[in-house]
Structures are given as structure tokens and as C-alpha cells.
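> entry_25.cif is the file, holding mmCIF, C-alpha atoms:
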```cif
data_run
#
loop_
_atom_site.group_PDB
_atom_site.id
_atom_site.type_symbol
_atom_site.label_atom_id
_atom_site.label_comp_id
_atom_site.auth_asym_id
_atom_site.auth_seq_id
_atom_site.Cartn_x
_atom_site.Cartn_y
_atom_site.Cartn_z
ATOM 1 C CA LEU I 25 -6.772 -79.957 -144.278
ATOM 2 C CA ALA I 26 -4.031 -79.861 -141.675
ATOM 3 C CA THR I 27 -3.407 -76.637 -139.739
ATOM 4 C CA LYS I 28 0.133 -76.044 -138.617
ATOM 5 C CA ARG I 29 1.160 -73.623 -135.887
ATOM 6 C CA GLN I 30 4.387 -71.703 -135.546
ATOM 7 C CA LYS I 31 5.962 -70.410 -132.358
ATOM 8 C CA LYS I 32 6.879 -66.742 -132.303
ATOM 9 C CA LYS I 33 8.843 -65.079 -129.518
ATOM 10 C CA HIS I 34 7.451 -61.904 -127.905
ATOM 11 C CA GLY I 35 9.588 -60.501 -125.133
ATOM 12 C CA GLY I 36 11.238 -63.809 -124.433
ATOM 13 C CA GLU I 37 7.948 -65.747 -124.427
ATOM 14 C CA ALA I 38 6.909 -68.195 -127.151
ATOM 15 C CA THR I 39 3.426 -67.621 -128.569
ATOM 16 C CA ALA I 40 1.589 -70.008 -130.876
ATOM 17 C CA VAL I 41 0.640 -68.271 -134.115
ATOM 18 C CA PRO I 42 -1.830 -70.045 -136.441
ATOM 19 C CA VAL I 43 -0.857 -70.166 -140.108
ATOM 20 C CA SER I 44 -2.782 -71.041 -143.248
ATOM 21 C CA PRO I 45 -3.956 -74.669 -143.501
ATOM 22 C CA VAL I 46 -2.132 -77.099 -145.747
ATOM 23 C CA ILE I 47 -3.883 -79.530 -148.106
ATOM 24 C CA GLU I 48 -2.432 -82.957 -147.400
ATOM 25 C CA ALA I 49 -1.885 -85.226 -150.393
ATOM 26 C CA LEU I 50 -3.656 -88.576 -150.483
ATOM 27 C CA SER I 51 -1.308 -91.413 -149.563
ATOM 28 C CA PHE I 52 -1.463 -95.089 -148.628
ATOM 29 C CA SER I 53 -1.217 -94.286 -144.909
ATOM 30 C CA LYS I 54 -4.298 -92.062 -145.053
ATOM 31 C CA ILE I 55 -6.548 -94.705 -146.634
ATOM 32 C CA SER I 56 -8.685 -96.946 -144.430
ATOM 33 C CA LYS I 57 -11.662 -99.275 -144.785
ATOM 34 C CA GLY I 58 -14.748 -97.324 -145.818
ATOM 35 C CA THR I 59 -12.860 -94.534 -147.603
ATOM 36 C CA LYS I 60 -14.518 -93.492 -150.866
ATOM 37 C CA LEU I 61 -12.262 -92.694 -153.804
ATOM 38 C CA LEU I 62 -12.612 -91.865 -157.484
ATOM 39 C CA ALA I 63 -11.201 -94.620 -159.690
ATOM 40 C CA CYS I 64 -10.617 -95.345 -163.354
ATOM 41 C CA VAL I 65 -10.709 -98.942 -164.606
ATOM 42 C CA ARG I 66 -7.292 -99.714 -166.101
ATOM 43 C CA GLU I 67 -7.374 -103.469 -166.622
ATOM 44 C CA VAL I 68 -10.031 -106.189 -166.419
ATOM 45 C CA GLN I 69 -9.057 -109.854 -166.000
ATOM 46 C CA GLU I 70 -11.088 -112.937 -165.114
ATOM 47 C CA GLU I 71 -10.045 -113.015 -161.445
ATOM 48 C CA TYR I 72 -9.406 -109.332 -160.761
ATOM 49 C CA ALA I 73 -9.640 -105.791 -162.123
ATOM 50 C CA ILE I 74 -7.056 -103.044 -161.655
ATOM 51 C CA VAL I 75 -8.137 -99.443 -161.090
ATOM 52 C CA SER I 76 -6.105 -96.261 -160.885
ATOM 53 C CA LEU I 77 -6.639 -94.001 -157.870
ATOM 54 C CA PRO I 78 -5.561 -90.387 -157.239
ATOM 55 C CA ASN I 79 -1.878 -89.638 -156.583
ATOM 56 C CA LEU I 80 -0.629 -92.626 -158.605
ATOM 57 C CA LEU I 81 -2.179 -95.162 -156.214
ATOM 58 C CA THR I 82 -3.499 -98.488 -157.534
ATOM 59 C CA ALA I 83 -6.214 -100.793 -156.212
ATOM 60 C CA TYR I 84 -7.837 -104.054 -157.235
ATOM 61 C CA ILE I 85 -11.428 -105.321 -157.467
ATOM 62 C CA LEU I 86 -12.425 -108.961 -156.938
ATOM 63 C CA PRO I 87 -15.388 -110.653 -158.667
ATOM 64 C CA GLN I 88 -18.758 -110.423 -156.947
ATOM 65 C CA GLN I 89 -19.588 -113.682 -155.147
ATOM 66 C CA HIS I 90 -22.756 -115.271 -153.837
ATOM 67 C CA GLN I 91 -22.944 -114.813 -150.059
ATOM 68 C CA ARG I 92 -23.813 -118.440 -149.301
ATOM 69 C CA THR I 93 -22.204 -120.521 -152.034
ATOM 70 C CA GLY I 94 -19.212 -118.318 -152.853
ATOM 71 C CA GLU I 95 -19.830 -118.725 -156.579
ATOM 72 C CA VAL I 96 -19.000 -115.832 -158.883
ATOM 73 C CA LEU I 97 -22.210 -114.022 -159.795
ATOM 74 C CA TYR I 98 -20.936 -111.888 -162.670
ATOM 75 C CA PRO I 99 -17.561 -112.092 -164.441
ATOM 76 C CA LEU I 100 -15.653 -108.837 -164.121
ATOM 77 C CA SER I 101 -15.456 -108.595 -167.916
ATOM 78 C CA ARG I 102 -19.263 -108.243 -167.913
ATOM 79 C CA THR I 103 -19.335 -105.860 -164.960
ATOM 80 C CA LEU I 104 -16.719 -103.204 -165.709
ATOM 81 C CA LYS I 105 -15.237 -101.659 -168.826
ATOM 82 C CA VAL I 106 -11.683 -100.407 -169.333
ATOM 83 C CA GLY I 107 -11.675 -96.613 -169.176
ATOM 84 C CA GLN I 108 -14.808 -96.449 -167.032
ATOM 85 C CA THR I 109 -14.601 -93.832 -164.271
ATOM 86 C CA LEU I 110 -16.549 -94.507 -161.085
ATOM 87 C CA ALA I 111 -16.425 -94.109 -157.317
ATOM 88 C CA VAL I 112 -15.262 -97.045 -155.206
ATOM 89 C CA THR I 113 -15.157 -97.819 -151.491
ATOM 90 C CA VAL I 114 -12.094 -99.293 -149.785
ATOM 91 C CA GLN I 115 -12.746 -102.797 -148.427
ATOM 92 C CA LYS I 116 -9.271 -103.772 -147.278
ATOM 93 C CA VAL I 117 -5.855 -102.158 -146.817
ATOM 94 C CA ALA I 118 -2.888 -104.428 -146.166
ATOM 95 C CA THR I 119 0.888 -104.453 -146.207
ATOM 96 C CA GLU I 120 2.281 -107.851 -147.154
ATOM 97 C CA THR I 121 5.833 -109.167 -147.072
ATOM 98 C CA ILE I 122 7.081 -110.465 -150.407
ATOM 99 C CA ARG I 123 10.094 -112.483 -151.472
ATOM 100 C CA GLY I 124 13.385 -110.766 -150.851
ATOM 101 C CA GLY I 125 12.139 -109.081 -147.689
ATOM 102 C CA GLY I 126 10.303 -106.252 -149.406
ATOM 103 C CA GLN I 127 6.754 -105.136 -148.719
ATOM 104 C CA SER I 128 3.729 -104.901 -151.003
ATOM 105 C CA LYS I 129 0.934 -102.453 -150.251
ATOM 106 C CA ARG I 130 -2.462 -103.666 -151.422
ATOM 107 C CA ILE I 131 -5.775 -101.791 -151.585
ATOM 108 C CA GLN I 132 -8.982 -103.716 -152.269
ATOM 109 C CA VAL I 133 -12.013 -101.670 -153.320
ATOM 110 C CA SER I 134 -15.615 -102.342 -154.323
ATOM 111 C CA PRO I 135 -17.874 -100.459 -156.761
ATOM 112 C CA LEU I 136 -21.116 -102.213 -155.700
ATOM 113 C CA PRO I 137 -24.222 -100.095 -154.938
ATOM 114 C CA GLN I 138 -24.493 -101.068 -151.263
ATOM 115 C CA TYR I 139 -21.029 -99.614 -150.633
ATOM 116 C CA ILE I 140 -21.447 -96.450 -152.718
ATOM 117 C CA ASN I 141 -25.036 -95.260 -152.249
ATOM 118 C CA PRO I 142 -25.710 -93.494 -148.934
ATOM 119 C CA ARG I 143 -28.546 -95.488 -147.371
ATOM 120 C CA ALA I 144 -30.080 -92.396 -145.778
ATOM 121 C CA LEU I 145 -30.516 -90.691 -149.154
ATOM 122 C CA LEU I 146 -32.244 -93.697 -150.716
ATOM 123 C CA VAL I 147 -34.393 -94.725 -147.781
ATOM 124 C CA GLY I 148 -35.065 -91.509 -145.863
ATOM 125 C CA ASP I 149 -37.594 -91.174 -143.085
ATOM 126 C CA ASP I 150 -40.618 -91.768 -145.274
ATOM 127 C CA LEU I 151 -39.429 -94.823 -147.168
ATOM 128 C CA ALA I 152 -39.833 -97.537 -144.586
ATOM 129 C CA LEU I 153 -38.832 -101.015 -145.679
ATOM 130 C CA GLY I 154 -41.244 -102.781 -143.348
ATOM 131 C CA THR I 155 -44.433 -104.594 -144.298
ATOM 132 C CA SER I 156 -48.071 -103.895 -143.613
ATOM 133 C CA LYS I 157 -50.567 -106.318 -142.093
ATOM 134 C CA GLY I 158 -51.487 -107.581 -145.543
ATOM 135 C CA GLY I 159 -47.869 -108.497 -146.183
ATOM 136 C CA GLU I 160 -47.332 -105.806 -148.817
ATOM 137 C CA LYS I 161 -44.485 -103.334 -148.592
ATOM 138 C CA LYS I 162 -45.670 -100.096 -147.060
ATOM 139 C CA THR I 163 -43.270 -98.061 -149.145
ATOM 140 C CA SER I 164 -43.936 -94.830 -150.948
ATOM 141 C CA ILE I 165 -41.042 -93.682 -153.094
ATOM 142 C CA VAL I 166 -42.651 -90.410 -154.166
ATOM 143 C CA SER I 167 -40.841 -88.182 -151.655
ATOM 144 C CA ALA I 168 -37.530 -90.029 -151.835
ATOM 145 C CA ALA I 169 -37.465 -90.094 -155.639
ATOM 146 C CA ASN I 170 -38.437 -86.436 -155.958
ATOM 147 C CA ARG I 171 -35.801 -85.392 -153.410
ATOM 148 C CA LEU I 172 -33.076 -87.172 -155.347
ATOM 149 C CA SER I 173 -34.407 -85.948 -158.687
ATOM 150 C CA ARG I 174 -34.494 -82.274 -157.653
ATOM 151 C CA ALA I 175 -30.955 -82.479 -156.287
ATOM 152 C CA SER I 176 -29.630 -84.413 -159.335
ATOM 153 C CA VAL I 177 -28.014 -86.972 -157.022
ATOM 154 C CA PRO I 178 -26.319 -89.816 -158.949
ATOM 155 C CA VAL I 179 -27.016 -93.306 -157.600
ATOM 156 C CA ARG I 180 -25.000 -96.442 -158.289
ATOM 157 C CA GLY I 181 -26.921 -99.321 -159.801
ATOM 158 C CA GLN I 182 -26.239 -102.825 -161.093
ATOM 159 C CA ILE I 183 -28.351 -104.236 -163.897
ATOM 160 C CA LEU I 184 -30.234 -107.300 -162.654
ATOM 161 C CA SER I 185 -32.017 -108.139 -165.893
ATOM 162 C CA VAL I 186 -32.695 -106.731 -169.348
ATOM 163 C CA GLU I 187 -36.402 -106.793 -170.197
ATOM 164 C CA ASP I 188 -38.381 -105.940 -173.346
ATOM 165 C CA HIS I 189 -38.647 -102.233 -172.544
ATOM 166 C CA GLY I 190 -35.721 -101.579 -170.217
ATOM 167 C CA CYS I 191 -33.535 -102.829 -167.370
ATOM 168 C CA VAL I 192 -34.249 -103.761 -163.761
ATOM 169 C CA VAL I 193 -31.551 -102.222 -161.559
ATOM 170 C CA ASP I 194 -30.319 -103.138 -158.070
ATOM 171 C CA MET I 195 -29.567 -100.021 -155.996
ATOM 172 C CA GLY I 196 -28.587 -101.805 -152.793
ATOM 173 C CA PHE I 197 -30.434 -102.243 -149.470
ATOM 174 C CA GLY I 198 -33.202 -104.232 -151.176
ATOM 175 C CA ILE I 199 -34.195 -101.249 -153.342
ATOM 176 C CA ARG I 200 -34.890 -101.660 -157.042
ATOM 177 C CA GLY I 201 -35.018 -99.271 -159.967
ATOM 178 C CA PHE I 202 -36.065 -99.450 -163.603
ATOM 179 C CA VAL I 203 -34.579 -97.611 -166.567
ATOM 180 C CA SER I 204 -36.477 -97.716 -169.841
ATOM 181 C CA PHE I 205 -34.560 -97.826 -173.110
ATOM 182 C CA GLU I 206 -35.871 -94.378 -174.043
ATOM 183 C CA ASN I 207 -34.131 -92.968 -170.955
ATOM 184 C CA VAL I 208 -30.730 -94.475 -171.830
ATOM 185 C CA GLN I 209 -28.746 -91.691 -173.493
ATOM 186 C CA GLY I 210 -31.935 -90.313 -174.982
ATOM 187 C CA GLY I 211 -32.964 -93.655 -176.476
ATOM 188 C CA LYS I 212 -29.832 -94.159 -178.562
ATOM 189 C CA GLY I 213 -26.162 -94.999 -178.188
ATOM 190 C CA PHE I 214 -26.533 -98.310 -176.346
ATOM 191 C CA VAL I 215 -26.122 -102.001 -177.124
ATOM 192 C CA VAL I 216 -28.107 -104.810 -175.459
ATOM 193 C CA LEU I 217 -26.027 -107.934 -174.754
ATOM 194 C CA ASP I 218 -27.079 -111.400 -173.618
ATOM 195 C CA ASP I 219 -25.920 -112.656 -170.226
ATOM 196 C CA ASP I 220 -23.000 -114.647 -171.664
ATOM 197 C CA GLU I 221 -22.231 -112.396 -174.634
ATOM 198 C CA GLU I 222 -18.760 -110.887 -174.817
ATOM 199 C CA GLU I 223 -18.160 -107.162 -175.217
ATOM 200 C CA PRO I 224 -18.016 -106.274 -178.926
ATOM 201 C CA ASP I 225 -14.893 -104.785 -180.463
ATOM 202 C CA ASP I 226 -15.061 -100.989 -180.320
ATOM 203 C CA ASP I 227 -13.178 -98.920 -182.875
ATOM 204 C CA ASP I 228 -13.720 -95.785 -180.756
ATOM 205 C CA GLN I 229 -12.397 -97.051 -177.413
ATOM 206 C CA GLU I 230 -10.345 -93.901 -176.958
ATOM 207 C CA ASP I 231 -13.430 -91.719 -177.455
ATOM 208 C CA GLU I 232 -15.751 -92.587 -174.570
ATOM 209 C CA GLU I 233 -18.453 -90.261 -175.867
ATOM 210 C CA LYS I 234 -18.764 -92.275 -179.104
ATOM 211 C CA SER I 235 -18.548 -95.643 -177.332
ATOM 212 C CA PRO I 236 -22.044 -97.157 -176.804
ATOM 213 C CA LEU I 237 -23.309 -98.071 -173.351
ATOM 214 C CA LEU I 238 -23.495 -101.826 -172.809
ATOM 215 C CA LEU I 239 -26.767 -102.999 -171.262
ATOM 216 C CA GLN I 240 -26.087 -106.426 -169.799
ATOM 217 C CA LYS I 241 -26.858 -108.289 -166.614
ATOM 218 C CA GLY I 242 -24.223 -107.392 -164.003
ATOM 219 C CA ARG I 243 -23.089 -104.059 -165.538
ATOM 220 C CA LEU I 244 -22.458 -101.201 -163.103
ATOM 221 C CA TYR I 245 -23.445 -97.603 -163.896
ATOM 222 C CA ASP I 246 -24.368 -94.355 -162.184
ATOM 223 C CA PHE I 247 -28.011 -93.406 -162.758
ATOM 224 C CA LEU I 248 -30.189 -90.367 -162.144
ATOM 225 C CA VAL I 249 -33.556 -90.688 -160.405
ATOM 226 C CA LEU I 250 -36.579 -89.391 -162.316
ATOM 227 C CA PRO I 251 -39.406 -87.498 -160.577
ATOM 228 C CA VAL I 252 -42.525 -89.432 -159.584
ATOM 229 C CA SER I 253 -46.018 -87.986 -159.850
ATOM 230 C CA SER I 254 -48.396 -88.146 -156.886
ATOM 231 C CA SER I 255 -51.033 -90.094 -158.831
ATOM 232 C CA ALA I 256 -52.382 -93.233 -157.205
ATOM 233 C CA LYS I 257 -50.725 -95.469 -159.790
ATOM 234 C CA ASP I 258 -47.227 -94.014 -159.400
ATOM 235 C CA ALA I 259 -47.481 -93.482 -155.644
ATOM 236 C CA SER I 260 -48.071 -97.202 -155.072
ATOM 237 C CA SER I 261 -44.909 -98.161 -156.958
ATOM 238 C CA THR I 262 -41.932 -99.600 -155.065
ATOM 239 C CA VAL I 263 -39.435 -99.127 -157.917
ATOM 240 C CA PHE I 264 -37.380 -95.999 -158.573
ATOM 241 C CA PRO I 265 -37.697 -94.658 -162.133
ATOM 242 C CA LEU I 266 -34.192 -94.053 -163.490
ATOM 243 C CA SER I 267 -32.362 -92.506 -166.408
ATOM 244 C CA LEU I 268 -28.889 -93.325 -167.697
ATOM 245 C CA PRO I 269 -27.342 -90.250 -169.340
ATOM 246 C CA SER I 270 -24.024 -90.160 -171.145
ATOM 247 C CA ALA I 271 -20.792 -89.469 -169.268
ATOM 248 C CA HIS I 272 -20.633 -86.074 -170.990
ATOM 249 C CA SER I 273 -24.101 -85.132 -169.677
ATOM 250 C CA PHE I 274 -23.255 -86.417 -166.201
ATOM 251 C CA ALA I 275 -20.198 -84.168 -166.051
ATOM 252 C CA LYS I 276 -22.430 -81.098 -166.380
ATOM 253 C CA LYS I 277 -24.855 -82.085 -163.593
ATOM 254 C CA THR I 278 -24.447 -80.127 -160.382
ATOM 255 C CA VAL I 279 -25.619 -81.886 -157.220
ATOM 256 C CA THR I 280 -27.548 -79.520 -154.968
ATOM 257 C CA ASN I 281 -28.683 -79.800 -151.360
ATOM 258 C CA ILE I 282 -31.523 -82.180 -150.553
ATOM 259 C CA MET I 283 -34.859 -80.429 -150.034
ATOM 260 C CA THR I 284 -37.353 -82.249 -147.795
ATOM 261 C CA THR I 285 -41.032 -81.251 -147.726
ATOM 262 C CA SER I 286 -43.260 -82.390 -144.874
ATOM 263 C CA SER I 287 -46.743 -81.539 -143.619
ATOM 264 C CA VAL I 288 -47.176 -79.411 -140.494
ATOM 265 C CA GLY I 289 -49.399 -80.794 -137.757
ATOM 266 C CA GLY I 290 -51.360 -83.003 -140.140
ATOM 267 C CA SER I 291 -52.683 -79.991 -142.010
ATOM 268 C CA GLN I 292 -52.409 -79.203 -145.688
ATOM 269 C CA LYS I 293 -49.601 -76.741 -144.981
ATOM 270 C CA SER I 294 -46.121 -77.958 -145.815
ATOM 271 C CA LYS I 295 -42.687 -77.146 -144.491
ATOM 272 C CA THR I 296 -39.511 -77.328 -146.582
ATOM 273 C CA ALA I 297 -36.158 -78.069 -144.964
ATOM 274 C CA THR I 298 -32.695 -78.245 -146.485
ATOM 275 C CA THR I 299 -30.501 -81.200 -145.589
ATOM 276 C CA PRO I 300 -26.816 -80.436 -146.202
ATOM 277 C CA PHE I 301 -24.494 -83.185 -147.342
ATOM 278 C CA THR I 302 -22.032 -84.761 -144.943
ATOM 279 C CA LEU I 303 -18.757 -86.550 -145.610
ATOM 280 C CA SER I 304 -20.592 -89.883 -145.405
ATOM 281 C CA SER I 305 -23.251 -88.886 -147.946
ATOM 282 C CA LEU I 306 -20.925 -87.278 -150.499
ATOM 283 C CA THR I 307 -19.499 -89.421 -153.286
ATOM 284 C CA PRO I 308 -16.281 -88.757 -155.240
ATOM 285 C CA GLY I 309 -16.946 -87.603 -158.776
ATOM 286 C CA TRP I 310 -19.943 -85.396 -157.918
ATOM 287 C CA LEU I 311 -19.988 -81.818 -159.139
ATOM 288 C CA VAL I 312 -21.254 -79.879 -156.097
ATOM 289 C CA GLN I 313 -21.876 -76.324 -154.980
ATOM 290 C CA VAL I 314 -19.378 -75.153 -152.369
ATOM 291 C CA LYS I 315 -18.575 -72.153 -150.234
ATOM 292 C CA VAL I 316 -14.921 -71.123 -149.920
ATOM 293 C CA GLU I 317 -14.054 -70.799 -146.226
ATOM 294 C CA ALA I 318 -10.262 -70.602 -146.312
ATOM 295 C CA PHE I 319 -7.236 -70.584 -148.586
ATOM 296 C CA ALA I 320 -4.435 -73.091 -148.037
ATOM 297 C CA THR I 321 -0.784 -72.364 -148.634
ATOM 298 C CA ASN I 322 -0.650 -74.939 -151.423
ATOM 299 C CA GLY I 323 -4.106 -74.604 -152.976
#
```
Could you render the structure as C-alpha cells?


Amino acid sequence: LATKRQKKKHGGEATAVPVSPVIEALSFSKISKGTKLLACVREVQEEYAIVSLPNLLTAYILPQQHQRTGEVLYPLSRTLKVGQTLAVTVQKVATETIRGGGQSKRIQVSPLPQYINPRALLVGDDLALGTSKGGEKKTSIVSAANRLSRASVPVRGQILSVEDHGCVVDMGFGIRGFVSFENVQGGKGFVVLDDDEEEPDDDDQEDEEKSPLLLQKGRLYDFLVLPVSSSAKDASSTVFPLSLPSAHSFAKKTVTNIMTTSSVGGSQKSKTATTPFTLSSLTPGWLVQVKVEAFATNG
């Protein structure tokens, strides 16, 4: 929002009078590295993918590469699907001179989990990533998973492998998740593909609800975190339990504020605190609860 002020004369003196704020439209000049935007995959090629952004802007995605060798980890055709809607983070904004003296404005974005998921929401204060004396991770995901589950916070994940009963998912920051097949669209409406298998022809490409989810190494999706019980078996786990609902079900999920429960003074009493979202922890595409504070002149 941008607030404009007008000058009004009173007895020969100019006085600044505040007016209603104006909602500024998204433009190329207002985009910078780290900006999160909602995108729709428009085209997928071997060396790049094109996504549509708000206000008729366009961006591109490059294949994911190995940090040391530079080799392509997953072909884009096995990572994204045309028509898929997902949040992306701006990696690079540049204006380049082209032949004839004109200029080309280029926006590079990334949909990978480490750029989309807010680290603070996944890790939290009680999910330390250190190690104990025995060399085992001293992580307890109970509180973190239950916080995210209660708030219905979507998390970005990339399928690392497809196992006999489900998929291992990379959530960024060294954190892993697991989604069982029974928690993928209610146990139906998905297709398991081999690592090098091409996407099958879909007669219902225009109807995303009828199009099956493709479970394949490298695929990117938004997941929901399932609650974790406090039993000894579940509490010792270092993997987030996940579900992968349909896009139609996701659209109805309202993200609420994060509720954190902690013990008071080492006693059995607990204290519950609400952690409001910030601009850095919000992700485009979420359906959230809001409070109207002002009306703009154009919206």
C-alpha cells in the first residue's frame, strides 16, 4: 500500500491532508531477489520452464543442478507439470540489451523447498538440528509437526524416492518427510512413475481435478503435515508425516496462526502462545484469516 498526501490551503497556509491508501500494482520494478510470487507453469522444456506471474509478468525456471558437479539432478519435465500452480521465489532480476538496441527484462525464479518453506516454521525452537554425544540427532518433531498440522500450513516438498508404501520427501534445510500412498488424495488418483519414465498422455489435461498426481523422483508438490502422537515410538522419529491432498481440497484449507505450547518453570503446567505470521513466513497461494484495517481508493 502507498499512502498519498494532498496539500490543502487554510488561510493561505498549506496543510498536508492524508488520503486513502492506494494499492500499487505489481510490476517489474517492484520485484527483487527473495520476492515470493504465485506462478502457473505455462511451458516445460528440457533447459528451461516458463511460468506466468501476476499482472502479465513472465519468469523462467532453470533445471536443478548438483552443487559440486553442476550436473542436472532432475529434468524439468519430471519436476513440473504444465498447468501446475505453485509459489516461487525470485532468484535473479536483470535487464539485458538485445539486438537492435532494445532491452529484455528477465526474471529467474525457483520453486525448490529451501526457497519456499520458512525455516523458522519447520525448525522452531524445539527442533534443534544438532547431534547428541552418541552421534544421533537430538530432534523431536512432535511439537513442530503438531504446530504445522493444527494451523494447516502447506509445506513445499520434493520427492526424493518412491518406496513400497510411499514417498520420501525433501523439505529443505536437511529435513525429511514421508507421505504414504494412503495419504495421497485419499489413496487414489495418483500414478507411480519410474525415475526415467515420461509423463503419460492425459486426456483430461484441462480438468486438473481429474488429472492424476504423478509420484516420481524429483516432482515438486505442496504437502500438509500430519499430527504426531507423543508415544515413545513416534516421538523419536526425525521424519515429518505428510499428506498430499488434491488441489481442490487444498483450496479450501484456511491457514491459521501458529499455536505454540510450552511448559512453565519445568512443571506440568503448560502455556500456549500465538505466533502471528510475518511477510517472510507467508507464502503466496495460502488462504488465510485477515482483519480489514483500511480501505484503499482502488480496492

> Could you check the closest approach to Phe274 in chain I for each of I:Gln132, I:Thr109, I:Thr93, I:Ser185 and tell me which residue wins, using only C-alpha atoms?

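The shortest atom-to-atom distance to Phe274 in chain I comes from I:Thr109.
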
> For Ile74 in chain I, work out the shell of residues within 10 Å, counting all atoms listed in the file and skipping chain neighbours fewer than 2 positions away, then give it as a list in words.

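These residues fall inside the cut-off: Ala63, Cys64, Val65, Arg66, Glu67, Val68, Gln69, Tyr72, Ser76, Leu77, Thr82, Ala83, Tyr84, Ile85, Leu86, Val106, Gln132 and Val133 of chain I.
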
> Can you tell me how far CA of Leu238 in chain I sits from CA of Gly309 in chain I, in Å to one decimal?

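Distance between the two atoms: 21.0 Å.
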
> Can you translate the PyMOL selection byres ((chain I and resi 310) around 9) into the concrete residues it hits in this file, as number ranges by chain?

I: 177-178, 274-275, 277-279, 306-309, 311-312

> Of the residues I:Val117, I:Leu145, I:Leu61, I:Ala169, which is the one nearest to Ser253 in chain I, using all atoms listed in the file?

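Checking each candidate against Ser253 in chain I, we get I:Ala169 as the closest.
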
> Got a sec: who's within 12 Å of Ile55 in chain I, counting all atoms listed in the file, leaving out chain neighbours fewer than 2 positions off, as a VMD selection string?

chain I and resid 49 to 53 57 to 61 77 to 78 81 to 83 113 to 118 129 to 133

> If I take CA of Asn79 in chain I and CA of Pro142 in chain I, how far is one from the other in Å, to one decimal?

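Going from CA of Asn79 in chain I over to CA of Pro142 in chain I covers 25.3 Å.
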
> Nearest to Leu217 in chain I: which of I:Val46, I:Val263, I:Leu136, I:Ile183 is it, counting all atoms listed in the file?

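Using all atoms listed in the file, the shortest distance to Leu217 in chain I belongs to I:Ile183.
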
> Calculate how many Å separate CA of Glu222 in chain I from CA of Ile140 in chain I, rounding to one decimal.

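If I compute the distance from CA of Glu222 in chain I to CA of Ile140 in chain I, I get 26.5 Å.
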
> Report as a ChimeraX atom specification the residues that result from applying the PyMOL selection byres ((chain I and resi 281) around 9) to the structure here.

/I:174-175,279-280,282-283,298-301,312-313

> I:Pro87, I:Gly323, I:Pro137, I:Pro99: which is nearest Gly196 in chain I, counting only C-alpha atoms?

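Once distances to Gly196 in chain I are computed over only C-alpha atoms, the minimum belongs to I:Pro137.
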
> Draw an axis-aligned box tight on the listed atoms of range 167-186 of chain I, then pad every side by 4 Å and write out centre and edge lengths in Å to one decimal as JSON.


```
{"center_x": -32.9, "center_y": -95.2, "center_z": -160.5, "size_x": 23.8, "size_y": 33.9, "size_z": 25.7}
```
